[in-house]
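Asks: Dumping the structure here so I can ask a few things about it.
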Amino acid sequence: MTNHWVDIRNANIIVVMGGNSAEAHPVGFRWVIEAKTRNKAKLIVIDPRFTRTASVADHYAPIRTGTDIAFLSGVIRYLLQTGKYNKEYTLAYTNAALLVNPDFQFSEGLFSGYDEATRKYDKATWSYQLDDQGFARRDDTLQDPRCVLNLLKAHVARYTPEMVERICGTPKETFLMVCEHLAGTAAPDRTTSFLYALGWTQHSIGSQNIRTMAMVQLLLGNMGMVGGGVNALRGHSNIQGLTDIGLLSTSLPGYLTLPSEKETDLAAHLAKYTSKPLADGQMNYWQNYPKFFVSLMKSFWGDNASSDNNWGYDWLPKWDKGYDVLQYFEMMSQGKVNGYLCQGFNPVASFPNKNKIVASLSQLKFLVIIDPLVTDTSTFWKNHGEQNDVKTEQIQTEVFRLPTTCFAEEDGAIINSGRWLQWHWKGADAPGEAIADVEILAGIFVKLKALYAKEGGAYPEPIMKLSWAYANPMEPKPEELAKEMNGKALADLPDPKEPGKFLARKGELLPGFALLQADGSTSSGCWIFTGSWTQAGNQMARRDNTDTGFGNTPAWAWAWPANRRILYNRASARPDGTPWDPARQLIKWNGEKWVGSDVPDYKLDEPPGSAMAPFIMQAEGLGRLFALDKMAEGPFPEHYEPFESPIGTNPLHPKVVSNPAARVFKGDLADMGKADAYPYAATTYRLTEHFHYWTKNVRLNAILQPEQFVEIGEALAKEKGINHGDMVKVSSKRGYIKAKAVVTKRIKPLTVDGKTVHHVGIPIHWGYEGVAKKGFIANTLTPFVGDANTQTPEFKSFLVNVEKL
Amino acid sequence: MQVTRRQFFKLSAGGLATSTLAMLGMLPQNALADVRSYKLLRATETRNTCPYCSVGCGILMYSLGDGAKNAKSTIFHIEGDPDHPVNRGALCPKGAGLVDFVHSENRLKHPEVREPGGKEWKRISWEEAFERIARHMKQDRDAHFVEKNADGVTVNRWLTTGMLCASASSNETGWLSQKFVRSLGMLAVDNQARV
Ligand code: SF4
């Protein structure tokens, strides 16, 4: 979230789209209700199903799954055509006026630079026109046909209300009603808050779903505002943290990038990621990349990293491509992987095409399960009848299962959607011989290191040089690790403003990332966490709930970055420093510096009226309506059909139906179904009473929702002769599940491109392990294709057939 | 009012009753006592965070047994933290069942192995588990580590073993996992951000 949970109460319009917060984030949803009751906010829900969120909404718009970009592009068209957007904000704070490369083009579903053979774009033309200083050219009159705003207008012109209805199945009047409500928040004293979750990410076009909404928010002037923002309601309790710490194939902590093999030395890597300003007078914060990178290297390798060895650059692995889970299970299915460690993760249930996952795991030599609970993955080698019909004796995988502590039995911090690092404390001992995850990692690592010391082997350097300065090497303590991430001064850091004074003395924990250096005099394992554990103690453990205004509680826990609660908050004021809305002034200029109820997201002593724009992480300081080369499938969002489309075509450009830049493996393409055999649009989701695949192990939740079911609308049920409570078989090209049918009024057929489209709803929470009634794994049905940018699987849009049993 | 809310809580019944009463403006002068409050009085209260969704609701865990005299401490009650600015004492049906997660009959208790082709789990010691896993990893890494790519560029990567990292583990576990995987040269690293 750019904002935070309590801040939702400040919104005037709340749109829940690509999510169902009343069921998936029930307690956070109270702030939506607060906004309704206290602020007279209107709640709008846009979803294929009439969810529990929809049931308390002021307006509900049905939409076919996988067509959100068409809907939101229609909204953008409406805003631009009617002129109902915040023009001052758009001109000053977005790249609307910047001029785009004359060779950039879009036609017939493809942007310039496409290569069909590799399914990739050459993005050279997805750029600005630059002047001789290397700054982007701009036309503040917005007359130049190549300015971003005019190109955007032309791009979205096709998304008329009629086209939206044809693609999305949303009645035109309902769509226009939503447009009007959103347009009302272009007023400087009104905001929209968008809440979304995996209902947007789990598509082959997931990242662009979110981008389209972010563009709406920029046009409305809602970014940086109290009660505004782009609010991702993350799916797991610490997926924010794990992402922040860079546990992804090609990432490093704090959104640094792991070097690729193209960056053959440190200088090449730093040159690539140290950003150069695209406009005069900008903060261009990524110019500090080398400080964060070198400080990370010092945390990784300690004293072993020095300028002589490029801070241990060679010790990092270099990638040729991303090894996301889809890529890796594809390799595993081909027998190219030997070992796998699953820490608190249940891939058999969590990944698409369960049968492919099980077949792939069966090819491993060894599998290590690290978990507090029994998972379906840990017993993938057992025959569980129809739900997992394998031949145990043929599976040669050696499986280790190691018990860990759960949340209640350890100290540490996890990060909620509002980016709050909340420290928690151990309340009991773990059962049996279970130990903490870090002790397991340490146990394996210390053994490995000893083996390498004794026997030698392949490139032992990084193992031997890794900093492991824990009081007990077998048991690194959460405090030690948290301080290591925060970072410290490795030498006295003199204060450049006051000779003889120091910003920090050698050995001290650093108060903020502004102190980090690129010369090896500081360490920090995750620069965005710097300030979370300082000389003053553990900031994440703070529990003062004083409200400093607008529901902001800055002394409760600690938020990254710099304890800032609302990102981009400089944009809450006009360029001249006056607030857009005096009733929600978050920060102000006091004549010397910016102050306020939140930590200003700006250079503190940069006076109002300067050239410095508010989006300080961007090279031009502006919110991007045109994404340059940052997205895989284009700088503007475009509607592409799900890989399994119930209409089998794209009404906008029949030759380019689905995301042209999405990666699909050959075997998986052959495993895609067509609407003739699998006519219904299916989507998977969570229920209020369960969490993912864990709570099937929890008695209370197993009692509340004991048995697997699927949801079918009354019209389809009637067509198929299915009654409420009948057993049905739901199949995709990849497999089938059997479950009870819940026949409901909450799913209605939609008319799409002249055809009737039925949705089938598939809750995900069952499996062959657990204390709940055994069930089928929902992901038996889902397709093995991901978003072109993130490789998030397309769980929310695929095709099935339904038969009565 | 003579008792603070928190003192009142310590003296009287559970948080739900407390906050409801307080909300109705009925905080009594004299605290009530009942059997459950007696148990809570002896309990240790520990702050934690719900490990399920990303609302990050604050919870209070009540445990008995302090580890002395070989008495393992055990949690018997979990409820919402009334001081938490987001959940203010509330929990959803997921969070409300947390104590059953802590004590699930499906909690793993001992290291185990399933041998190739085997039909059952076999209990092993931690020492044996670490020994065997480290041996597997070293064998695979030594056999398949790639120091240079086809162009002779130093790449130092190990592609034949990968790791999935837990979405509910702490930042601290995440950081140690990052150090662990990268020092070994792993690139097949992922977490639940996508699923
Ligand atoms: S109690 Fe419910 S809403 Fe709160 S964090 Fe847990 S799962 Fe989320």
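We label chains A, B, ... in the order they appear in the structure tokens, count residues from 1 in each chain, and number ligands from 1 in the order shown.
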Which polymer residues have any atom within 9 Å of an atom of Ala168 (chain B), counting only C-alpha atoms, with same-chain residues fewer than 3 positions away left out, as a ChimeraX atom specification?

Replies: /A:236-239,242,344,406-407,414 /B:51-52

Asks: Can you spit out the residues from that selection as an mmCIF file, in the first residue's frame, using all heavy atoms?

Replies:
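Written file, again37.cif:
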```cif
data_model
loop_
_atom_site.group_PDB
_atom_site.id
_atom_site.type_symbol
_atom_site.label_atom_id
_atom_site.label_comp_id
_atom_site.auth_asym_id
_atom_site.auth_seq_id
_atom_site.Cartn_x
_atom_site.Cartn_y
_atom_site.Cartn_z
ATOM 1 N N HIS A 236 -0.294 -12.575 2.122
ATOM 2 C CA HIS A 236 0.254 -13.297 3.271
ATOM 3 C C HIS A 236 0.821 -12.286 4.262
ATOM 4 O O HIS A 236 1.134 -11.162 3.906
ATOM 5 C CB HIS A 236 1.377 -14.249 2.848
ATOM 6 C CG HIS A 236 0.959 -15.301 1.870
ATOM 7 N ND1 HIS A 236 0.832 -16.630 2.214
ATOM 8 C CD2 HIS A 236 0.642 -15.226 0.572
ATOM 9 C CE1 HIS A 236 0.458 -17.327 1.154
ATOM 10 N NE2 HIS A 236 0.333 -16.496 0.137
ATOM 11 N N SER A 237 1.008 -12.766 5.491
ATOM 12 C CA SER A 237 1.356 -11.834 6.558
ATOM 13 C C SER A 237 2.702 -11.163 6.364
ATOM 14 O O SER A 237 2.902 -10.049 6.801
ATOM 15 C CB SER A 237 1.340 -12.554 7.902
ATOM 16 O OG SER A 237 2.340 -13.553 7.918
ATOM 17 N N ASN A 238 3.636 -11.845 5.711
ATOM 18 C CA ASN A 238 4.928 -11.179 5.519
ATOM 19 C C ASN A 238 5.446 -11.283 4.099
ATOM 20 O O ASN A 238 6.645 -11.294 3.859
ATOM 21 C CB ASN A 238 5.985 -11.690 6.504
ATOM 22 C CG ASN A 238 7.152 -10.705 6.595
ATOM 23 O OD1 ASN A 238 6.948 -9.507 6.449
ATOM 24 N ND2 ASN A 238 8.357 -11.201 6.809
ATOM 25 N N ILE A 239 4.538 -11.352 3.164
ATOM 26 C CA ILE A 239 5.012 -11.388 1.788
ATOM 27 C C ILE A 239 5.573 -10.041 1.406
ATOM 28 O O ILE A 239 6.459 -9.927 0.569
ATOM 29 C CB ILE A 239 3.880 -11.854 0.850
ATOM 30 C CG1 ILE A 239 4.518 -12.571 -0.296
ATOM 31 C CG2 ILE A 239 2.985 -10.744 0.418
ATOM 32 C CD1 ILE A 239 5.433 -13.646 0.140
ATOM 33 N N LEU A 242 9.215 -10.380 2.717
ATOM 34 C CA LEU A 242 10.056 -11.273 1.919
ATOM 35 C C LEU A 242 10.387 -10.646 0.572
ATOM 36 O O LEU A 242 11.475 -10.849 0.030
ATOM 37 C CB LEU A 242 9.351 -12.630 1.729
ATOM 38 C CG LEU A 242 9.551 -13.707 2.800
ATOM 39 C CD1 LEU A 242 10.702 -14.611 2.468
ATOM 40 C CD2 LEU A 242 9.717 -13.162 4.185
ATOM 41 N N GLY A 344 8.309 -23.350 4.622
ATOM 42 C CA GLY A 344 6.977 -22.789 4.847
ATOM 43 C C GLY A 344 6.207 -22.569 3.567
ATOM 44 O O GLY A 344 5.591 -21.522 3.387
ATOM 45 N N CYS A 406 6.347 -21.980 15.064
ATOM 46 C CA CYS A 406 5.407 -21.107 14.366
ATOM 47 C C CYS A 406 5.513 -19.717 14.979
ATOM 48 O O CYS A 406 6.288 -19.488 15.916
ATOM 49 C CB CYS A 406 3.986 -21.666 14.424
ATOM 50 S SG CYS A 406 3.169 -21.472 16.015
ATOM 51 N N PHE A 407 4.715 -18.793 14.458
ATOM 52 C CA PHE A 407 4.774 -17.376 14.881
ATOM 53 C C PHE A 407 4.836 -17.203 16.393
ATOM 54 O O PHE A 407 5.523 -16.326 16.905
ATOM 55 C CB PHE A 407 3.551 -16.637 14.333
ATOM 56 C CG PHE A 407 2.254 -17.059 14.980
ATOM 57 C CD1 PHE A 407 1.680 -16.308 15.989
ATOM 58 C CD2 PHE A 407 1.625 -18.220 14.594
ATOM 59 C CE1 PHE A 407 0.507 -16.704 16.611
ATOM 60 C CE2 PHE A 407 0.451 -18.633 15.215
ATOM 61 C CZ PHE A 407 -0.103 -17.883 16.227
ATOM 62 N N ILE A 414 7.352 -8.915 11.188
ATOM 63 C CA ILE A 414 6.734 -9.136 9.891
ATOM 64 C C ILE A 414 6.103 -7.808 9.455
ATOM 65 O O ILE A 414 5.853 -6.935 10.284
ATOM 66 C CB ILE A 414 5.706 -10.301 9.888
ATOM 67 C CG1 ILE A 414 4.545 -10.032 10.839
ATOM 68 C CG2 ILE A 414 6.381 -11.611 10.226
ATOM 69 C CD1 ILE A 414 3.430 -11.074 10.731
ATOM 70 N N PRO B 51 -0.448 -14.355 11.902
ATOM 71 C CA PRO B 51 0.449 -14.756 10.814
ATOM 72 C C PRO B 51 -0.263 -15.020 9.494
ATOM 73 O O PRO B 51 0.359 -15.491 8.545
ATOM 74 C CB PRO B 51 1.030 -16.070 11.349
ATOM 75 C CG PRO B 51 -0.111 -16.664 12.119
ATOM 76 C CD PRO B 51 -0.846 -15.494 12.731
ATOM 77 N N TYR B 52 -1.554 -14.741 9.404
ATOM 78 C CA TYR B 52 -2.279 -15.093 8.179
ATOM 79 C C TYR B 52 -2.219 -13.978 7.140
ATOM 80 O O TYR B 52 -1.307 -13.905 6.354
ATOM 81 C CB TYR B 52 -3.730 -15.459 8.512
ATOM 82 C CG TYR B 52 -3.878 -16.750 9.296
ATOM 83 C CD1 TYR B 52 -4.765 -16.839 10.360
ATOM 84 C CD2 TYR B 52 -3.149 -17.882 8.953
ATOM 85 C CE1 TYR B 52 -4.934 -18.020 11.069
ATOM 86 C CE2 TYR B 52 -3.309 -19.073 9.670
ATOM 87 C CZ TYR B 52 -4.205 -19.129 10.720
ATOM 88 O OH TYR B 52 -4.368 -20.297 11.413
#
```

Asks: Tell me which protein, DNA and RNA residues are within 9 Å of Ala541 (chain A), counting only C-alpha atoms, leaving out same-chain ones fewer than 3 positions away, and put them as a list of chain:residue names.

Replies: A:Ala413, A:Leu421, A:Gln422, A:Trp423, A:His424, A:Gly537, A:Asn538, A:Trp556, A:Ala557, A:Trp558

Asks: Keeping only all heavy atoms, write the selected residues as an mmCIF file, in the first residue's frame.

Replies:
```cif
data_model
loop_
_atom_site.group_PDB
_atom_site.id
_atom_site.type_symbol
_atom_site.label_atom_id
_atom_site.label_comp_id
_atom_site.auth_asym_id
_atom_site.auth_seq_id
_atom_site.Cartn_x
_atom_site.Cartn_y
_atom_site.Cartn_z
ATOM 1 N N ALA A 413 10.165 -9.678 13.239
ATOM 2 C CA ALA A 413 9.246 -8.695 12.673
ATOM 3 C C ALA A 413 8.628 -9.229 11.391
ATOM 4 O O ALA A 413 9.287 -9.925 10.619
ATOM 5 C CB ALA A 413 9.980 -7.391 12.379
ATOM 6 N N LEU A 421 6.661 -2.549 9.983
ATOM 7 C CA LEU A 421 7.446 -3.660 10.530
ATOM 8 C C LEU A 421 7.040 -3.792 11.995
ATOM 9 O O LEU A 421 7.388 -2.941 12.820
ATOM 10 C CB LEU A 421 8.952 -3.382 10.427
ATOM 11 C CG LEU A 421 9.599 -3.457 9.037
ATOM 12 C CD1 LEU A 421 9.249 -2.244 8.187
ATOM 13 C CD2 LEU A 421 11.111 -3.573 9.161
ATOM 14 N N GLN A 422 6.283 -4.819 12.305
ATOM 15 C CA GLN A 422 5.797 -5.000 13.677
ATOM 16 C C GLN A 422 6.579 -6.141 14.333
ATOM 17 O O GLN A 422 6.510 -7.279 13.878
ATOM 18 C CB GLN A 422 4.292 -5.325 13.672
ATOM 19 C CG GLN A 422 3.444 -4.275 12.951
ATOM 20 C CD GLN A 422 1.955 -4.446 13.205
ATOM 21 O OE1 GLN A 422 1.398 -3.894 14.129
ATOM 22 N NE2 GLN A 422 1.287 -5.221 12.365
ATOM 23 N N TRP A 423 7.290 -5.805 15.370
ATOM 24 C CA TRP A 423 8.054 -6.839 16.096
ATOM 25 C C TRP A 423 7.086 -7.690 16.897
ATOM 26 O O TRP A 423 6.091 -7.175 17.407
ATOM 27 C CB TRP A 423 9.066 -6.163 17.019
ATOM 28 C CG TRP A 423 10.104 -7.103 17.553
ATOM 29 C CD1 TRP A 423 10.109 -7.694 18.774
ATOM 30 C CD2 TRP A 423 11.277 -7.554 16.877
ATOM 31 N NE1 TRP A 423 11.221 -8.498 18.910
ATOM 32 C CE2 TRP A 423 11.956 -8.437 17.748
ATOM 33 C CE3 TRP A 423 11.825 -7.320 15.608
ATOM 34 C CZ2 TRP A 423 13.155 -9.069 17.402
ATOM 35 C CZ3 TRP A 423 13.016 -7.946 15.278
ATOM 36 C CH2 TRP A 423 13.671 -8.815 16.159
ATOM 37 N N HIS A 424 7.356 -8.983 16.985
ATOM 38 C CA HIS A 424 6.531 -9.835 17.846
ATOM 39 C C HIS A 424 7.421 -10.676 18.752
ATOM 40 O O HIS A 424 8.622 -10.796 18.516
ATOM 41 C CB HIS A 424 5.574 -10.708 17.023
ATOM 42 C CG HIS A 424 6.259 -11.671 16.094
ATOM 43 N ND1 HIS A 424 6.346 -11.465 14.742
ATOM 44 C CD2 HIS A 424 6.883 -12.863 16.320
ATOM 45 C CE1 HIS A 424 6.986 -12.482 14.174
ATOM 46 N NE2 HIS A 424 7.329 -13.334 15.106
ATOM 47 N N GLY A 537 17.277 1.949 20.084
ATOM 48 C CA GLY A 537 16.601 0.674 20.329
ATOM 49 C C GLY A 537 15.774 0.198 19.154
ATOM 50 O O GLY A 537 15.866 0.724 18.042
ATOM 51 N N ASN A 538 14.966 -0.816 19.451
ATOM 52 C CA ASN A 538 14.171 -1.483 18.424
ATOM 53 C C ASN A 538 12.916 -0.657 18.119
ATOM 54 O O ASN A 538 11.967 -0.655 18.893
ATOM 55 C CB ASN A 538 13.798 -2.885 18.922
ATOM 56 C CG ASN A 538 13.021 -3.669 17.879
ATOM 57 O OD1 ASN A 538 12.645 -3.138 16.835
ATOM 58 N ND2 ASN A 538 12.780 -4.936 18.172
ATOM 59 N N TRP A 556 3.654 3.755 16.470
ATOM 60 C CA TRP A 556 3.296 2.326 16.553
ATOM 61 C C TRP A 556 4.149 1.585 15.537
ATOM 62 O O TRP A 556 4.073 1.837 14.336
ATOM 63 C CB TRP A 556 1.809 2.114 16.233
ATOM 64 C CG TRP A 556 1.428 0.678 16.391
ATOM 65 C CD1 TRP A 556 1.605 -0.323 15.478
ATOM 66 C CD2 TRP A 556 0.850 0.054 17.544
ATOM 67 N NE1 TRP A 556 1.174 -1.517 15.990
ATOM 68 C CE2 TRP A 556 0.709 -1.318 17.252
ATOM 69 C CE3 TRP A 556 0.444 0.530 18.805
ATOM 70 C CZ2 TRP A 556 0.162 -2.224 18.173
ATOM 71 C CZ3 TRP A 556 -0.092 -0.377 19.712
ATOM 72 C CH2 TRP A 556 -0.240 -1.733 19.393
ATOM 73 N N ALA A 557 5.011 0.693 16.006
ATOM 74 C CA ALA A 557 5.924 -0.053 15.135
ATOM 75 C C ALA A 557 6.740 0.919 14.277
ATOM 76 O O ALA A 557 6.954 2.079 14.686
ATOM 77 C CB ALA A 557 5.170 -1.068 14.303
ATOM 78 N N TRP A 558 7.153 0.496 13.129
ATOM 79 C CA TRP A 558 7.996 1.344 12.288
ATOM 80 C C TRP A 558 7.700 0.980 10.845
ATOM 81 O O TRP A 558 7.538 -0.197 10.525
ATOM 82 C CB TRP A 558 9.468 1.086 12.611
ATOM 83 C CG TRP A 558 10.449 2.002 11.935
ATOM 84 C CD1 TRP A 558 10.871 3.208 12.399
ATOM 85 C CD2 TRP A 558 11.133 1.783 10.693
ATOM 86 N NE1 TRP A 558 11.777 3.762 11.517
ATOM 87 C CE2 TRP A 558 11.958 2.906 10.471
ATOM 88 C CE3 TRP A 558 11.146 0.757 9.751
ATOM 89 C CZ2 TRP A 558 12.770 3.031 9.337
ATOM 90 C CZ3 TRP A 558 11.945 0.870 8.639
ATOM 91 C CH2 TRP A 558 12.754 2.003 8.437
#
```

Asks: At most 10 Å is the cut-off: for each residue in chain A with any atom that close to an atom of ligand 1, write down the nearest atom pair and the distance in Å rounded to one decimal, counting only C-alpha atoms and all ligand atoms, chain first then increasing number, as a tab-separated table.

Replies:
```
residue	atom	partner	partner_atom_place_in_ligand_line	distance
A:Ser21	CA	ligand 1	3 (S)	9.1
A:Ala22	CA	ligand 1	3 (S)	9.0
A:Glu23	CA	ligand 1	3 (S)	8.7
A:Ala24	CA	ligand 1	8 (Fe)	7.3
A:His25	CA	ligand 1	3 (S)	4.6
A:Pro26	CA	ligand 1	3 (S)	4.7
A:Val27	CA	ligand 1	3 (S)	4.1
A:Gly28	CA	ligand 1	3 (S)	5.9
A:Phe29	CA	ligand 1	3 (S)	8.1
A:Arg30	CA	ligand 1	3 (S)	9.5
A:Gly235	CA	ligand 1	8 (Fe)	9.2
A:His236	CA	ligand 1	8 (Fe)	8.6
A:Ser237	CA	ligand 1	5 (S)	7.1
A:Asn416	CA	ligand 1	5 (S)	8.5
A:Thr688	CA	ligand 1	2 (Fe)	8.4
A:Glu689	CA	ligand 1	7 (S)	8.9
A:His690	CA	ligand 1	7 (S)	8.4
A:Phe691	CA	ligand 1	7 (S)	7.1
```

Asks: Tell me, as a list of chain:residue names, which residues lie within 9 Å of Trp468 (chain A), counting only C-alpha atoms; anything in the same chain fewer than 2 positions away does not count.

Replies: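 Final neighbour list, sorted by chain and number: A:Phe300, A:Trp301, A:Gly302, A:Lys465, A:Leu466, A:Tyr470, A:Pro473, A:Pro476.
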
Asks: Which residues, written as JSON, numbers by chain, have at least one atom at most 10 Å from Gly80 (chain B), with only C-alpha atoms counted and residues fewer than 2 positions away on the same chain left out?

Replies: {"B": [15, 16, 47, 48, 49, 50, 57, 58, 59, 60, 61, 78, 82, 83, 84, 87, 88, 89, 90, 91, 92, 95, 96]}

Asks: Could those selected residues go to a file with C-alpha atoms, as an mmCIF file, in the first residue's frame?

Replies:
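Saved the output as selection_38.cif:
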```
data_model
loop_
_atom_site.group_PDB
_atom_site.id
_atom_site.type_symbol
_atom_site.label_atom_id
_atom_site.label_comp_id
_atom_site.auth_asym_id
_atom_site.auth_seq_id
_atom_site.Cartn_x
_atom_site.Cartn_y
_atom_site.Cartn_z
ATOM 1 C CA GLY B 15 -10.564 -8.431 26.252
ATOM 2 C CA LEU B 16 -13.752 -8.779 24.266
ATOM 3 C CA ARG B 47 2.278 -9.517 22.090
ATOM 4 C CA ASN B 48 2.382 -11.027 18.652
ATOM 5 C CA THR B 49 0.939 -10.532 15.170
ATOM 6 C CA CYS B 50 -1.564 -12.699 13.316
ATOM 7 C CA CYS B 57 -3.720 -7.651 13.395
ATOM 8 C CA GLY B 58 -2.130 -7.389 16.798
ATOM 9 C CA ILE B 59 -2.786 -10.337 19.107
ATOM 10 C CA LEU B 60 -2.273 -11.077 22.770
ATOM 11 C CA MET B 61 -1.232 -14.607 23.638
ATOM 12 C CA ILE B 78 -5.240 -15.818 21.934
ATOM 13 C CA PRO B 82 -7.197 -3.780 21.996
ATOM 14 C CA ASP B 83 -4.416 -1.210 21.716
ATOM 15 C CA HIS B 84 -3.621 -2.058 18.094
ATOM 16 C CA ASN B 87 -7.680 -4.139 14.606
ATOM 17 C CA ARG B 88 -8.449 -2.540 17.995
ATOM 18 C CA GLY B 89 -9.075 -5.855 19.637
ATOM 19 C CA ALA B 90 -10.939 -7.513 16.789
ATOM 20 C CA LEU B 91 -9.983 -10.684 14.964
ATOM 21 C CA CYS B 92 -11.635 -12.352 11.981
ATOM 22 C CA GLY B 95 -7.319 -15.064 13.541
ATOM 23 C CA ALA B 96 -9.880 -16.238 16.076
#
```

Asks: Please provide as an mmCIF file with N, CA, C and O atoms, in the first residue's frame all residues within 8 Å of Pro511 (chain A), with the sequence filter that same-chain residues fewer than 3 positions apart are discarded (counting only C-alpha atoms).

Replies:
```cif
data_model
loop_
_atom_site.group_PDB
_atom_site.id
_atom_site.type_symbol
_atom_site.label_atom_id
_atom_site.label_comp_id
_atom_site.auth_asym_id
_atom_site.auth_seq_id
_atom_site.Cartn_x
_atom_site.Cartn_y
_atom_site.Cartn_z
ATOM 1 N N LEU A 515 22.605 8.057 5.647
ATOM 2 C CA LEU A 515 23.998 7.972 6.099
ATOM 3 C C LEU A 515 24.808 6.902 5.352
ATOM 4 O O LEU A 515 26.013 6.794 5.540
ATOM 5 N N THR A 530 16.756 0.694 7.137
ATOM 6 C CA THR A 530 17.667 1.453 7.993
ATOM 7 C C THR A 530 16.863 2.483 8.793
ATOM 8 O O THR A 530 16.097 3.253 8.223
ATOM 9 N N GLY A 531 17.039 2.429 10.089
ATOM 10 C CA GLY A 531 16.234 3.252 10.988
ATOM 11 C C GLY A 531 15.287 2.404 11.817
ATOM 12 O O GLY A 531 14.626 2.901 12.722
ATOM 13 N N SER A 532 15.207 1.085 11.507
ATOM 14 C CA SER A 532 14.263 0.232 12.227
ATOM 15 C C SER A 532 14.832 -0.259 13.566
ATOM 16 O O SER A 532 14.086 -0.604 14.474
ATOM 17 N N TRP A 533 16.157 -0.295 13.656
ATOM 18 C CA TRP A 533 16.780 -0.661 14.952
ATOM 19 C C TRP A 533 17.990 0.233 15.130
ATOM 20 O O TRP A 533 19.040 -0.003 14.551
ATOM 21 N N THR A 534 17.827 1.302 15.886
ATOM 22 C CA THR A 534 18.862 2.331 15.966
ATOM 23 C C THR A 534 19.532 2.309 17.328
ATOM 24 O O THR A 534 19.241 1.438 18.162
ATOM 25 N N GLN A 535 20.396 3.271 17.556
ATOM 26 C CA GLN A 535 21.021 3.406 18.878
ATOM 27 C C GLN A 535 19.958 3.573 19.959
ATOM 28 O O GLN A 535 20.173 3.226 21.109
#
```

Asks: Could you go through region 88-173 of chain B and tell me which residues DSSP, when run on the backbone, assigns to helix (DSSP H, G or I), listing them as a count of residues only?

Replies: 30

Asks: At what distance in Å, to one decimal, does CA of Lys39 (chain B) lie from CA of Phe101 (chain B)?

Replies: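 Calculated distance between CA of Phe101 (chain B) and CA of Lys39 (chain B) is 21.2 Å.
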
Asks: Which residues of region 29-131 of chain A have any atom within 9 Å of an atom in region 152-176 of chain A when counting only C-alpha atoms, and what is the closest pair of atoms for each, with the distance in Å to one decimal? Order the rows by chain and rising number and write it as JSON lines.

Replies:
```
{"residue": "A:His59", "atom": "CA", "partner": "A:Thr174", "partner_atom": "CA", "distance": 8.6}
{"residue": "A:Tyr60", "atom": "CA", "partner": "A:Thr174", "partner_atom": "CA", "distance": 8.2}
{"residue": "A:Ala61", "atom": "CA", "partner": "A:Thr174", "partner_atom": "CA", "distance": 6.2}
{"residue": "A:Pro62", "atom": "CA", "partner": "A:Thr170", "partner_atom": "CA", "distance": 5.6}
{"residue": "A:Ile63", "atom": "CA", "partner": "A:Cys168", "partner_atom": "CA", "distance": 5.2}
{"residue": "A:Arg64", "atom": "CA", "partner": "A:Cys168", "partner_atom": "CA", "distance": 5.0}
{"residue": "A:Thr65", "atom": "CA", "partner": "A:Cys168", "partner_atom": "CA", "distance": 7.9}
{"residue": "A:Gly66", "atom": "CA", "partner": "A:Cys168", "partner_atom": "CA", "distance": 8.4}
{"residue": "A:Thr67", "atom": "CA", "partner": "A:Cys168", "partner_atom": "CA", "distance": 5.6}
{"residue": "A:Asp68", "atom": "CA", "partner": "A:Cys168", "partner_atom": "CA", "distance": 7.6}
{"residue": "A:Ala70", "atom": "CA", "partner": "A:Val164", "partner_atom": "CA", "distance": 6.0}
{"residue": "A:Phe71", "atom": "CA", "partner": "A:Val164", "partner_atom": "CA", "distance": 5.7}
{"residue": "A:Leu72", "atom": "CA", "partner": "A:Tyr159", "partner_atom": "CA", "distance": 8.9}
{"residue": "A:Ser73", "atom": "CA", "partner": "A:Val156", "partner_atom": "CA", "distance": 5.9}
{"residue": "A:Gly74", "atom": "CA", "partner": "A:Tyr159", "partner_atom": "CA", "distance": 4.8}
{"residue": "A:Val75", "atom": "CA", "partner": "A:Leu176", "partner_atom": "CA", "distance": 8.3}
{"residue": "A:Ile76", "atom": "CA", "partner": "A:Val156", "partner_atom": "CA", "distance": 7.1}
{"residue": "A:Arg77", "atom": "CA", "partner": "A:Val156", "partner_atom": "CA", "distance": 5.5}
{"residue": "A:Tyr78", "atom": "CA", "partner": "A:Thr160", "partner_atom": "CA", "distance": 8.2}
{"residue": "A:Leu80", "atom": "CA", "partner": "A:Lys153", "partner_atom": "CA", "distance": 6.8}
{"residue": "A:Gln81", "atom": "CA", "partner": "A:Lys153", "partner_atom": "CA", "distance": 8.0}
{"residue": "A:Ala96", "atom": "CA", "partner": "A:Leu152", "partner_atom": "CA", "distance": 8.6}
{"residue": "A:Phe106", "atom": "CA", "partner": "A:His155", "partner_atom": "CA", "distance": 8.0}
```

Asks: With only C-alpha atoms as the counted atoms, please give the residues lying no more than 7 Å from Pro116 (chain B), apart from itself and same-chain residues fewer than 5 positions off, as a list in words.

Replies: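 Selected residues are Ile395, Gln396, Thr397 and Glu398 of chain A.
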